[in-house]
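The file entry_20.cif comes next; it holds mmCIF, C-alpha atoms and all ligand atoms.
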data_run
loop_
_atom_site.group_PDB
_atom_site.id
_atom_site.type_symbol
_atom_site.label_atom_id
_atom_site.label_comp_id
_atom_site.auth_asym_id
_atom_site.auth_seq_id
_atom_site.Cartn_x
_atom_site.Cartn_y
_atom_site.Cartn_z
ATOM 1 C CA MET A 1 -73.492 37.147 -80.486
ATOM 2 C CA LEU A 2 -72.828 33.584 -79.297
ATOM 3 C CA PRO A 3 -73.953 32.649 -75.780
ATOM 4 C CA TRP A 4 -71.085 33.220 -73.307
ATOM 5 C CA ASN A 5 -70.350 29.530 -72.711
ATOM 6 C CA GLU A 6 -70.028 28.850 -76.421
ATOM 7 C CA LEU A 7 -67.943 31.938 -77.018
ATOM 8 C CA VAL A 8 -65.364 30.954 -74.415
ATOM 9 C CA LYS A 9 -65.356 27.192 -75.120
ATOM 10 C CA PRO A 10 -62.569 27.323 -77.782
ATOM 11 C CA TYR A 11 -60.469 29.338 -75.306
ATOM 12 C CA ASP A 12 -60.933 26.617 -72.737
ATOM 13 C CA ILE A 13 -59.739 23.988 -75.241
ATOM 14 C CA LEU A 14 -56.804 26.211 -76.214
ATOM 15 C CA LEU A 15 -55.680 26.586 -72.584
ATOM 16 C CA SER A 16 -55.815 22.804 -72.051
ATOM 17 C CA GLU A 17 -53.774 22.269 -75.214
ATOM 18 C CA VAL A 18 -51.002 24.656 -74.136
ATOM 19 C CA LYS A 19 -51.109 23.309 -70.578
ATOM 20 C CA THR A 20 -50.483 19.797 -71.934
ATOM 21 C CA MET A 21 -47.551 21.077 -74.042
ATOM 22 C CA LEU A 22 -46.005 22.628 -70.921
ATOM 23 C CA GLU A 23 -46.632 19.540 -68.785
ATOM 24 C CA LYS A 24 -44.948 17.333 -71.378
ATOM 25 C CA SER A 25 -41.898 19.607 -71.432
ATOM 26 C CA ASN A 26 -41.809 19.667 -67.650
ATOM 27 C CA ASN A 27 -41.763 15.854 -67.617
ATOM 28 C CA ILE A 28 -38.920 15.855 -70.152
ATOM 29 C CA PHE A 29 -36.969 18.316 -67.956
ATOM 30 C CA GLN A 30 -37.545 15.987 -65.011
ATOM 31 C CA ARG A 31 -36.318 12.926 -66.916
ATOM 32 C CA GLN A 32 -33.314 14.577 -68.530
ATOM 33 C CA LEU A 33 -32.157 16.964 -65.813
ATOM 34 C CA GLY A 34 -33.699 15.399 -62.734
ATOM 35 C CA TYR A 35 -35.460 18.718 -62.081
ATOM 36 C CA ALA A 36 -38.887 20.014 -63.130
ATOM 37 C CA PRO A 37 -39.025 23.850 -63.133
ATOM 38 C CA ILE A 38 -42.816 24.195 -63.266
ATOM 39 C CA GLU A 39 -44.554 23.869 -59.932
ATOM 40 C CA THR A 40 -48.160 24.445 -61.064
ATOM 41 C CA ILE A 41 -50.146 25.652 -64.057
ATOM 42 C CA LYS A 42 -53.430 27.431 -63.412
ATOM 43 C CA CYS A 43 -55.883 28.387 -66.133
ATOM 44 C CA ARG A 44 -58.802 30.778 -65.930
ATOM 45 C CA LEU A 45 -61.420 32.256 -68.223
ATOM 46 C CA LYS A 46 -62.751 35.725 -67.456
ATOM 47 C CA THR A 47 -66.368 35.712 -66.374
ATOM 48 C CA GLU A 48 -68.955 37.511 -68.455
ATOM 49 C CA GLU A 49 -69.358 40.098 -65.702
ATOM 50 C CA SER A 50 -65.673 40.851 -65.366
ATOM 51 C CA THR A 51 -65.329 41.039 -69.171
ATOM 52 C CA ARG A 52 -68.193 43.574 -69.272
ATOM 53 C CA LYS A 53 -66.455 45.665 -66.605
ATOM 54 C CA LYS A 54 -63.122 45.549 -68.406
ATOM 55 C CA LEU A 55 -64.712 46.614 -71.710
ATOM 56 C CA GLU A 56 -66.573 49.401 -69.934
ATOM 57 C CA ARG A 57 -63.276 50.612 -68.469
ATOM 58 C CA LYS A 58 -61.812 50.628 -71.946
ATOM 59 C CA GLU A 59 -64.940 52.383 -73.269
ATOM 60 C CA LEU A 60 -65.646 49.512 -75.644
ATOM 61 C CA GLN A 61 -68.939 47.840 -76.511
ATOM 62 C CA PHE A 62 -69.729 44.409 -75.125
ATOM 63 C CA GLU A 63 -69.635 42.694 -78.529
ATOM 64 C CA GLU A 64 -67.821 39.729 -80.013
ATOM 65 C CA GLY A 65 -65.125 41.778 -81.803
ATOM 66 C CA SER A 66 -64.073 43.664 -78.670
ATOM 67 C CA ILE A 67 -64.292 40.553 -76.496
ATOM 68 C CA ARG A 68 -61.997 38.626 -78.852
ATOM 69 C CA GLY A 69 -59.650 41.623 -78.913
ATOM 70 C CA LEU A 70 -59.021 41.316 -75.152
ATOM 71 C CA THR A 71 -55.645 39.756 -74.536
ATOM 72 C CA ASP A 72 -56.607 38.165 -71.240
ATOM 73 C CA LEU A 73 -60.068 36.717 -71.789
ATOM 74 C CA ALA A 74 -58.186 33.471 -71.296
ATOM 75 C CA GLY A 75 -55.288 33.431 -68.886
ATOM 76 C CA MET A 76 -52.676 30.936 -67.817
ATOM 77 C CA ARG A 77 -50.394 31.197 -64.794
ATOM 78 C CA VAL A 78 -47.231 29.178 -64.922
ATOM 79 C CA VAL A 79 -45.753 29.067 -61.438
ATOM 80 C CA CYS A 80 -42.061 28.179 -61.240
ATOM 81 C CA LYS A 81 -39.836 27.312 -58.318
ATOM 82 C CA PHE A 82 -37.000 29.735 -59.011
ATOM 83 C CA ILE A 83 -36.537 33.115 -60.718
ATOM 84 C CA ASP A 84 -34.046 31.597 -63.171
ATOM 85 C CA ASP A 85 -36.751 29.174 -64.348
ATOM 86 C CA ILE A 86 -38.844 32.078 -65.659
ATOM 87 C CA PRO A 87 -36.684 33.060 -68.680
ATOM 88 C CA GLU A 88 -36.198 29.328 -69.371
ATOM 89 C CA ILE A 89 -39.951 28.773 -69.591
ATOM 90 C CA ALA A 90 -40.492 31.991 -71.570
ATOM 91 C CA GLY A 91 -37.730 30.835 -73.955
ATOM 92 C CA LEU A 92 -39.337 27.418 -74.296
ATOM 93 C CA VAL A 93 -42.695 28.965 -75.202
ATOM 94 C CA LYS A 94 -41.015 31.333 -77.663
ATOM 95 C CA SER A 95 -39.271 28.369 -79.307
ATOM 96 C CA TRP A 96 -42.712 26.996 -80.202
ATOM 97 C CA GLU A 97 -43.190 30.095 -82.329
ATOM 98 C CA LYS A 98 -40.613 28.994 -84.881
ATOM 99 C CA PHE A 99 -41.788 28.092 -88.363
ATOM 100 C CA LYS A 100 -40.048 25.419 -90.343
ATOM 101 C CA ILE A 101 -38.404 26.860 -93.454
ATOM 102 C CA ASN A 102 -38.114 24.763 -96.629
ATOM 103 C CA ASN A 103 -35.250 24.799 -99.183
ATOM 104 C CA GLU A 104 -36.811 27.686 -101.085
ATOM 105 C CA GLY A 105 -36.912 29.710 -97.900
ATOM 106 C CA SER A 106 -40.704 29.564 -97.518
ATOM 107 C CA ARG A 107 -42.492 28.813 -94.291
ATOM 108 C CA PHE A 108 -44.196 25.498 -94.000
ATOM 109 C CA GLY A 109 -45.745 23.259 -91.399
ATOM 110 C CA ILE A 110 -48.091 24.247 -88.656
ATOM 111 C CA GLU A 111 -47.362 27.448 -86.809
ATOM 112 C CA GLN A 112 -47.669 26.339 -83.212
ATOM 113 C CA LEU A 113 -48.189 29.795 -81.790
ATOM 114 C CA GLU A 114 -47.272 33.448 -82.159
ATOM 115 C CA ILE A 115 -46.001 35.784 -79.447
ATOM 116 C CA VAL A 116 -47.941 39.016 -79.891
ATOM 117 C CA ASP A 117 -46.595 40.941 -76.901
ATOM 118 C CA GLU A 118 -44.187 40.491 -74.022
ATOM 119 C CA GLN A 119 -43.937 42.436 -70.770
ATOM 120 C CA ASN A 120 -41.331 41.790 -68.147
ATOM 121 C CA PHE A 121 -42.737 43.053 -64.841
ATOM 122 C CA ILE A 122 -39.864 41.344 -63.034
ATOM 123 C CA ALA A 123 -37.208 43.541 -64.631
ATOM 124 C CA SER A 124 -39.574 46.516 -64.182
ATOM 125 C CA PRO A 125 -42.105 45.813 -61.400
ATOM 126 C CA LYS A 126 -45.416 47.685 -61.457
ATOM 127 C CA GLU A 127 -46.070 50.601 -59.120
ATOM 128 C CA SER A 128 -48.107 48.207 -56.929
ATOM 129 C CA GLY A 129 -45.076 45.897 -56.525
ATOM 130 C CA TYR A 130 -46.529 43.319 -58.957
ATOM 131 C CA ARG A 131 -43.965 41.054 -60.605
ATOM 132 C CA SER A 132 -44.484 38.499 -63.387
ATOM 133 C CA HIS A 133 -43.331 37.849 -66.923
ATOM 134 C CA HIS A 134 -46.255 38.242 -69.340
ATOM 135 C CA LEU A 135 -46.563 36.799 -72.824
ATOM 136 C CA VAL A 136 -49.568 37.564 -75.003
ATOM 137 C CA ILE A 137 -49.959 34.616 -77.343
ATOM 138 C CA ARG A 138 -52.068 33.959 -80.414
ATOM 139 C CA LYS A 139 -52.833 30.330 -81.120
ATOM 140 C CA ASN A 140 -55.513 28.823 -83.337
ATOM 141 C CA GLY A 141 -56.509 32.428 -84.098
ATOM 142 C CA LEU A 142 -57.271 33.179 -80.424
ATOM 143 C CA LEU A 143 -55.450 35.449 -77.970
ATOM 144 C CA PHE A 144 -54.534 34.523 -74.429
ATOM 145 C CA GLU A 145 -52.178 35.783 -71.724
ATOM 146 C CA MET A 146 -49.520 33.668 -70.053
ATOM 147 C CA GLN A 147 -48.170 34.937 -66.743
ATOM 148 C CA ILE A 148 -44.928 33.262 -65.691
ATOM 149 C CA ARG A 149 -43.916 33.845 -62.070
ATOM 150 C CA THR A 150 -42.389 32.303 -58.957
ATOM 151 C CA ILE A 151 -44.315 30.850 -56.026
ATOM 152 C CA ALA A 152 -43.548 33.997 -53.986
ATOM 153 C CA MET A 153 -44.768 36.304 -56.796
ATOM 154 C CA ASP A 154 -47.910 34.213 -57.172
ATOM 155 C CA PHE A 155 -48.625 34.319 -53.439
ATOM 156 C CA TRP A 156 -48.218 38.095 -53.439
ATOM 157 C CA ALA A 157 -50.400 38.643 -56.558
ATOM 158 C CA SER A 158 -53.268 36.440 -55.394
ATOM 159 C CA THR A 159 -53.274 38.016 -51.918
ATOM 160 C CA GLU A 160 -53.145 41.545 -53.312
ATOM 161 C CA HIS A 161 -55.919 40.670 -55.772
ATOM 162 C CA MET A 162 -58.074 39.293 -52.940
ATOM 163 C CA LEU A 163 -57.501 42.415 -50.821
ATOM 164 C CA LYS A 164 -58.323 44.686 -53.770
ATOM 165 C CA TYR A 165 -61.565 42.794 -54.259
ATOM 166 C CA LYS A 166 -62.378 43.161 -50.563
ATOM 167 C CA TYR A 167 -61.845 46.918 -50.736
ATOM 168 C CA GLY A 168 -63.931 47.232 -53.913
ATOM 169 C CA GLY A 169 -60.914 47.801 -56.151
ATOM 170 C CA ASP A 170 -59.286 50.697 -54.272
ATOM 171 C CA LEU A 171 -56.781 49.798 -51.603
ATOM 172 C CA PRO A 172 -56.143 52.290 -48.773
ATOM 173 C CA ALA A 173 -52.773 54.030 -49.114
ATOM 174 C CA ASP A 174 -51.238 52.404 -45.998
ATOM 175 C CA ILE A 175 -52.076 48.915 -47.287
ATOM 176 C CA ARG A 176 -50.628 49.751 -50.698
ATOM 177 C CA VAL A 177 -47.381 50.848 -49.037
ATOM 178 C CA LYS A 178 -47.265 47.647 -46.965
ATOM 179 C CA LEU A 179 -47.941 45.491 -50.011
ATOM 180 C CA ARG A 180 -45.157 47.194 -51.958
ATOM 181 C CA SER A 181 -42.679 46.453 -49.206
ATOM 182 C CA ILE A 182 -43.921 42.832 -48.940
ATOM 183 C CA ALA A 183 -43.380 42.489 -52.710
ATOM 184 C CA ASP A 184 -39.758 43.610 -52.145
ATOM 185 C CA ILE A 185 -39.363 41.051 -49.362
ATOM 186 C CA GLY A 186 -40.715 38.408 -51.764
ATOM 187 C CA SER A 187 -38.153 39.478 -54.323
ATOM 188 C CA THR A 188 -35.332 39.191 -51.768
ATOM 189 C CA LEU A 189 -36.564 35.691 -50.898
ATOM 190 C CA ASP A 190 -36.666 34.712 -54.585
ATOM 191 C CA LEU A 191 -33.113 35.952 -55.139
ATOM 192 C CA ALA A 192 -31.810 34.143 -52.045
ATOM 193 C CA MET A 193 -33.493 30.889 -53.113
ATOM 194 C CA ASN A 194 -32.041 31.362 -56.575
ATOM 195 C CA ASP A 195 -28.522 31.598 -55.091
ATOM 196 C CA ILE A 196 -29.047 28.331 -53.246
ATOM 197 C CA ARG A 197 -30.290 26.758 -56.463
ATOM 198 C CA GLN A 198 -27.101 27.865 -58.241
ATOM 199 C CA ASP A 199 -25.024 26.124 -55.553
ATOM 200 C CA VAL A 200 -27.070 22.945 -55.920
ATOM 201 C CA LYS A 201 -26.767 23.102 -59.708
ATOM 202 C CA ILE A 202 -22.988 23.449 -59.503
ATOM 203 C CA GLY A 203 -22.910 20.662 -56.925
ATOM 204 C CA THR A 204 -24.823 18.367 -59.248
ATOM 205 C CA VAL A 205 -22.606 19.086 -62.255
ATOM 206 C CA LYS A 206 -19.527 18.600 -60.099
ATOM 207 C CA GLU A 207 -20.859 15.273 -58.811
ATOM 208 C CA ARG A 208 -21.503 14.042 -62.357
ATOM 209 C CA ILE A 209 -18.002 15.021 -63.487
ATOM 210 C CA LEU A 210 -16.464 13.426 -60.413
ATOM 211 C CA ASP A 211 -18.401 10.197 -61.086
ATOM 212 C CA GLU A 212 -16.996 10.040 -64.625
ATOM 213 C CA PHE A 213 -13.513 10.924 -63.400
ATOM 214 C CA ASN A 214 -13.553 8.206 -60.733
ATOM 215 C CA LYS A 215 -14.839 5.690 -63.252
ATOM 216 C CA ALA A 216 -11.940 6.570 -65.585
ATOM 217 C CA LEU A 217 -9.407 6.175 -62.741
ATOM 218 C CA ARG A 218 -10.885 2.802 -61.769
ATOM 219 C CA LEU A 219 -10.712 1.545 -65.366
ATOM 220 C CA LEU A 220 -7.121 2.764 -65.692
ATOM 221 C CA ASP A 221 -6.225 0.907 -62.446
ATOM 222 C CA GLU A 222 -8.004 -2.268 -63.536
ATOM 223 C CA ASN A 223 -6.204 -2.287 -66.863
ATOM 224 C CA GLY A 224 -2.642 -1.929 -65.655
ATOM 225 C CA LEU A 225 -2.462 1.832 -66.180
ATOM 226 C CA SER A 226 -2.136 2.907 -62.538
ATOM 227 C CA PHE A 227 0.860 5.078 -63.375
ATOM 228 C CA LYS A 228 -1.590 7.260 -65.324
ATOM 229 C CA SER A 229 -4.405 7.235 -62.731
ATOM 230 C CA ASP A 230 -1.904 8.191 -59.987
ATOM 231 C CA LYS A 231 -0.882 11.256 -61.991
ATOM 232 C CA TYR A 232 -4.543 12.315 -62.277
ATOM 233 C CA ARG A 233 -5.042 11.795 -58.534
ATOM 234 C CA SER A 234 -2.139 14.127 -57.761
ATOM 235 C CA ARG A 235 -3.545 16.716 -60.154
ATOM 236 C CA LEU A 236 -6.979 16.466 -58.501
ATOM 237 C CA ASP A 237 -5.383 17.294 -55.139
ATOM 238 C CA VAL A 238 -4.296 20.717 -56.357
ATOM 239 C CA ILE A 239 -7.257 21.974 -58.381
ATOM 240 C CA GLY A 240 -9.519 22.817 -55.403
ATOM 241 C CA ASP A 241 -12.965 24.154 -56.422
ATOM 242 C CA ASP A 242 -12.057 24.921 -60.037
ATOM 243 C CA LEU A 243 -14.875 23.226 -61.958
ATOM 244 C CA ASN A 244 -13.333 23.870 -65.385
ATOM 245 C CA ALA A 245 -10.016 22.330 -64.339
ATOM 246 C CA LEU A 246 -11.922 19.311 -62.998
ATOM 247 C CA LYS A 247 -13.830 19.009 -66.276
ATOM 248 C CA SER A 248 -10.629 19.133 -68.269
ATOM 249 C CA ILE A 249 -8.724 16.463 -66.253
ATOM 250 C CA ALA A 250 -11.851 14.254 -66.246
ATOM 251 C CA THR A 251 -11.946 14.489 -70.061
ATOM 252 C CA GLU A 252 -8.218 13.700 -70.316
ATOM 253 C CA ALA A 253 -8.552 10.713 -67.967
ATOM 254 C CA LYS A 254 -11.531 9.406 -69.929
ATOM 255 C CA GLU A 255 -9.574 9.718 -73.178
ATOM 256 C CA ASP A 256 -6.709 7.730 -71.639
ATOM 257 C CA VAL A 257 -8.982 4.743 -70.993
ATOM 258 C CA PRO A 258 -8.714 2.343 -73.949
ATOM 259 C CA ARG A 259 -12.034 2.548 -75.796
ATOM 260 C CA GLN A 260 -12.920 -1.116 -75.435
ATOM 261 C CA PHE A 261 -13.014 -0.771 -71.616
ATOM 262 C CA TRP A 262 -15.301 2.249 -71.423
ATOM 263 C CA GLN A 263 -18.994 1.452 -71.203
ATOM 264 C CA ASP A 264 -21.593 4.270 -70.830
HETATM 265 P P1 LIG A 301 -57.421 39.188 -63.401
HETATM 266 O O1 LIG A 301 -58.398 39.087 -62.302
HETATM 267 O O2 LIG A 301 -56.172 38.459 -63.157
HETATM 268 O O3 LIG A 301 -58.035 38.877 -64.732
HETATM 269 P P2 LIG A 301 -54.618 46.035 -70.669
HETATM 270 O O4 LIG A 301 -55.348 44.742 -70.975
HETATM 271 O O5 LIG A 301 -53.146 45.961 -70.969
HETATM 272 O O6 LIG A 301 -55.284 47.218 -71.287
HETATM 273 P P3 LIG A 301 -54.547 45.275 -67.990
HETATM 274 O O7 LIG A 301 -55.421 44.079 -68.165
HETATM 275 O O8 LIG A 301 -54.661 45.984 -66.667
HETATM 276 O O9 LIG A 301 -54.795 46.294 -69.132
HETATM 277 O O10 LIG A 301 -53.049 44.830 -68.304
HETATM 278 P P4 LIG A 301 -51.908 44.512 -67.302
HETATM 279 O O11 LIG A 301 -51.619 45.663 -66.438
HETATM 280 O O12 LIG A 301 -50.809 43.967 -68.153
HETATM 281 O O13 LIG A 301 -52.517 43.365 -66.372
HETATM 282 C C1 LIG A 301 -52.837 42.129 -66.906
HETATM 283 C C2 LIG A 301 -53.021 41.163 -65.766
HETATM 284 O O14 LIG A 301 -51.811 41.121 -64.987
HETATM 285 C C3 LIG A 301 -54.111 41.513 -64.771
HETATM 286 O O15 LIG A 301 -55.355 41.076 -65.239
HETATM 287 C C4 LIG A 301 -53.640 40.743 -63.545
HETATM 288 O O16 LIG A 301 -53.894 39.352 -63.670
HETATM 289 C C5 LIG A 301 -52.142 40.946 -63.621
HETATM 290 N N1 LIG A 301 -51.755 42.175 -62.895
HETATM 291 C C6 LIG A 301 -51.256 43.305 -63.421
HETATM 292 N N2 LIG A 301 -50.994 44.204 -62.469
HETATM 293 C C7 LIG A 301 -51.326 43.628 -61.289
HETATM 294 C C8 LIG A 301 -51.262 44.059 -59.926
HETATM 295 O O17 LIG A 301 -50.858 45.183 -59.593
HETATM 296 N N3 LIG A 301 -51.716 43.169 -58.993
HETATM 297 C C9 LIG A 301 -52.165 41.930 -59.313
HETATM 298 N N4 LIG A 301 -52.568 41.127 -58.332
HETATM 299 N N5 LIG A 301 -52.231 41.503 -60.595
HETATM 300 C C10 LIG A 301 -51.820 42.333 -61.562
HETATM 301 P P5 LIG A 301 -56.683 41.671 -64.608
HETATM 302 O O18 LIG A 301 -57.732 41.608 -65.663
HETATM 303 O O19 LIG A 301 -56.421 43.046 -64.019
HETATM 304 O O20 LIG A 301 -57.040 40.751 -63.407
#

Starting from the file, lay out its structure as structure tokens.
Amino acid sequence: MLPWNELVKPYDILLSEVKTMLEKSNNIFQRQLGYAPIETIKCRLKTEESTRKKLERKELQFEEGSIRGLTDLAGMRVVCKFIDDIPEIAGLVKSWEKFKINNEGSRFGIEQLEIVDEQNFIASPKESGYRSHHLVIRKNGLLFEMQIRTIAMDFWASTEHMLKYKYGGDLPADIRVKLRSIADIGSTLDLAMNDIRQDVKIGTVKERILDEFNKALRLLDENGLSFKSDKYRSRLDVIGDDLNALKSIATEAKEDVPRQFWQD
């Protein structure tokens, strides 16, 4: 069997590769949407000792085949700001799984990665209260586990993990009960923050539409078409908070501006 450092080295390279892919996407999100969903990405390789223990628990030999069969020898934690970011990031990673198909219907190109397993511990939290979205991924022939979670879920999991370690793996019942209720509080916090995020998102979309609408009205005014812009202003007064109605009058107003005057 290879020495431990050599055995895990390709996993280390793999984690850096996927981390870079995620960081690039996060930068694109930031540029295009003005918002980057990923807060931090943490990578870890299991130590030799903890791998031995895990294999022992599974009644497997400490040998290369069983080690490579572990899904979490290499692990990545993708910590997001909001709950709604989690399916977005999971979807992004899954989109890297796609093969390109040629005219004859055969696969071609490089398979970026393959999703081997998926577990949603947010939809169904563990008995302990643990929440995260797990993807087991095979890339370059190696398996690793990606855990996608919010800041609150990450705080809970790392604290619970630390406490478990302190108590030698077995937490006293009263602490387990407390941790479960703290996990629920974390979930309430995540949902409340998510609601606020929805408001901000709607606010941002509304602002963008209003900017376009006001630009259209200004161009109509400047080009002797105030009779049209005045009609749109009166319509705006009555639509209230209806975002779809705003979108539709903004589109109409934009279409009324002679093409040569509109500059993006
Ligand atoms: P560490 O220290 O993070 O590496 P399996 O491989 O499916 O046979 P396993 O590994 O228990 O068995 O699978 P599971 O339950 O899907 O857990 C995988 C990982 O999720 C764990 O790896 C933890 O990182 C995390 N996890 C799952 N449940 C809990 C929990 O109740 N509390 C915390 N803090 N983390 C959890 P490891 O190897 O257990 O730990």

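Between CA of Phe121 in chain A and CA of Ala152 in chain A the interatomic distance comes to 14.2 Å.
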
Residues matched by the PyMOL selection byres (((not hetatm)) within 9 of (chain A and resi 301)), written as a PDB file with C-alpha atoms, keeping the file's coordinate frame:
ATOM      1  CA  ARG A  44     -58.802  30.778 -65.930  1.00  0.00           C
ATOM      2  CA  LEU A  45     -61.420  32.256 -68.223  1.00  0.00           C
ATOM      3  CA  LYS A  46     -62.751  35.725 -67.456  1.00  0.00           C
ATOM      4  CA  SER A  50     -65.673  40.851 -65.366  1.00  0.00           C
ATOM      5  CA  THR A  51     -65.329  41.039 -69.171  1.00  0.00           C
ATOM      6  CA  LYS A  54     -63.122  45.549 -68.406  1.00  0.00           C
ATOM      7  CA  LYS A  58     -61.812  50.628 -71.946  1.00  0.00           C
ATOM      8  CA  LEU A  70     -59.021  41.316 -75.152  1.00  0.00           C
ATOM      9  CA  THR A  71     -55.645  39.756 -74.536  1.00  0.00           C
ATOM     10  CA  ASP A  72     -56.607  38.165 -71.240  1.00  0.00           C
ATOM     11  CA  LEU A  73     -60.068  36.717 -71.789  1.00  0.00           C
ATOM     12  CA  ALA A  74     -58.186  33.471 -71.296  1.00  0.00           C
ATOM     13  CA  GLY A  75     -55.288  33.431 -68.886  1.00  0.00           C
ATOM     14  CA  ARG A  77     -50.394  31.197 -64.794  1.00  0.00           C
ATOM     15  CA  GLN A 119     -43.937  42.436 -70.770  1.00  0.00           C
ATOM     16  CA  PHE A 121     -42.737  43.053 -64.841  1.00  0.00           C
ATOM     17  CA  PRO A 125     -42.105  45.813 -61.400  1.00  0.00           C
ATOM     18  CA  LYS A 126     -45.416  47.685 -61.457  1.00  0.00           C
ATOM     19  CA  GLU A 127     -46.070  50.601 -59.120  1.00  0.00           C
ATOM     20  CA  SER A 128     -48.107  48.207 -56.929  1.00  0.00           C
ATOM     21  CA  GLY A 129     -45.076  45.897 -56.525  1.00  0.00           C
ATOM     22  CA  TYR A 130     -46.529  43.319 -58.957  1.00  0.00           C
ATOM     23  CA  ARG A 131     -43.965  41.054 -60.605  1.00  0.00           C
ATOM     24  CA  SER A 132     -44.484  38.499 -63.387  1.00  0.00           C
ATOM     25  CA  HIS A 134     -46.255  38.242 -69.340  1.00  0.00           C
ATOM     26  CA  GLU A 145     -52.178  35.783 -71.724  1.00  0.00           C
ATOM     27  CA  GLN A 147     -48.170  34.937 -66.743  1.00  0.00           C
ATOM     28  CA  ASP A 154     -47.910  34.213 -57.172  1.00  0.00           C
ATOM     29  CA  TRP A 156     -48.218  38.095 -53.439  1.00  0.00           C
ATOM     30  CA  ALA A 157     -50.400  38.643 -56.558  1.00  0.00           C
ATOM     31  CA  SER A 158     -53.268  36.440 -55.394  1.00  0.00           C
ATOM     32  CA  THR A 159     -53.274  38.016 -51.918  1.00  0.00           C
ATOM     33  CA  GLU A 160     -53.145  41.545 -53.312  1.00  0.00           C
ATOM     34  CA  HIS A 161     -55.919  40.670 -55.772  1.00  0.00           C
ATOM     35  CA  MET A 162     -58.074  39.293 -52.940  1.00  0.00           C
ATOM     36  CA  LYS A 164     -58.323  44.686 -53.770  1.00  0.00           C
TER      37      LYS A 164
END

### Query
Which residues match the PyMOL selection byres (((chain A and resi 186) around 12) and not hetatm) in the file above, as an NGL selection string?
:A and (82-83 or 122 or 129-131 or 149-157 or 179-185 or 187-193)

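When only C-alpha atoms are used to measure the gap to Leu142 in chain A, the shortest distance among A:Leu220, A:Gly240, A:Leu113, A:Leu60 belongs to A:Leu113.
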
### Query
Using only C-alpha atoms, which of the listed residues (A:Ala123, A:Cys80, A:Ile239, A:Val136) sits closest to Tyr35 in chain A?
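The closest residue to Tyr35 in chain A is A:Cys80.
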
### Residue nearest Glu17 in chain A - candidates A:Tyr167, A:Asp230, A:Gly65, A:Cys43, atoms counted: only C-alpha atoms
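Going through A:Tyr167, A:Asp230, A:Gly65, A:Cys43 one by one, the smallest distance to Glu17 in chain A is for A:Cys43.
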
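For the pair CA of Ile175 in chain A and CA of Arg52 in chain A, the interatomic distance is 27.8 Å.
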
### Query
So, counting only C-alpha atoms, which residue among A:Lys178, A:Arg197, A:Lys228, A:Lys247 is closest to Glu212 in chain A?
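Of the candidates, the smallest distance to Glu212 in chain A is held by A:Lys247.
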
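Once the PyMOL selection byres (((chain A and resi 231) around 12) and not hetatm) is applied to the depicted file, the selected set reads Leu217, Leu220, Asp221, Leu225, Ser226, Phe227, Lys228, Ser229, Asp230, Tyr232, Arg233, Ser234, Arg235, Leu236, Asp237, Val238, Ile249, Glu252, Ala253 and Asp256 of chain A.
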
### Message
One number please: CA of Trp96 in chain A to CA of Glu114 in chain A, in Å, one decimal.
### Response
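Going from CA of Trp96 in chain A over to CA of Glu114 in chain A, I get 8.1 Å.
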
### Nearest to Asn223 in chain A by atom-to-atom distance, counting only C-alpha atoms, from A:Leu55, A:Ile202, A:Asp241, A:Val257
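Ranking A:Leu55, A:Ile202, A:Asp241, A:Val257 by distance to Asn223 in chain A, first place goes to A:Val257.
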
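Using all atoms listed in the file, the contacts of Ile38 in chain A at a cut-off of 10 Å, with sequence neighbours closer than 2 positions omitted, comprise A:Leu22, A:Glu23, A:Ser25, A:Asn26, A:Asn27, A:Phe29, A:Gln30, A:Tyr35, A:Ala36, A:Thr40, A:Ile41, A:Val78, A:Val79, A:Cys80, A:Lys81, A:Phe82, A:Asp85, A:Ile86, A:Ile89, A:Ile148, A:Arg149, A:Thr150, A:Ile151.
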
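When all atoms listed in the file are used to compute distances to Val93 in chain A, the closest of the residues A:Val18, A:Met76, A:Leu210, A:Leu143 turns out to be A:Val18.
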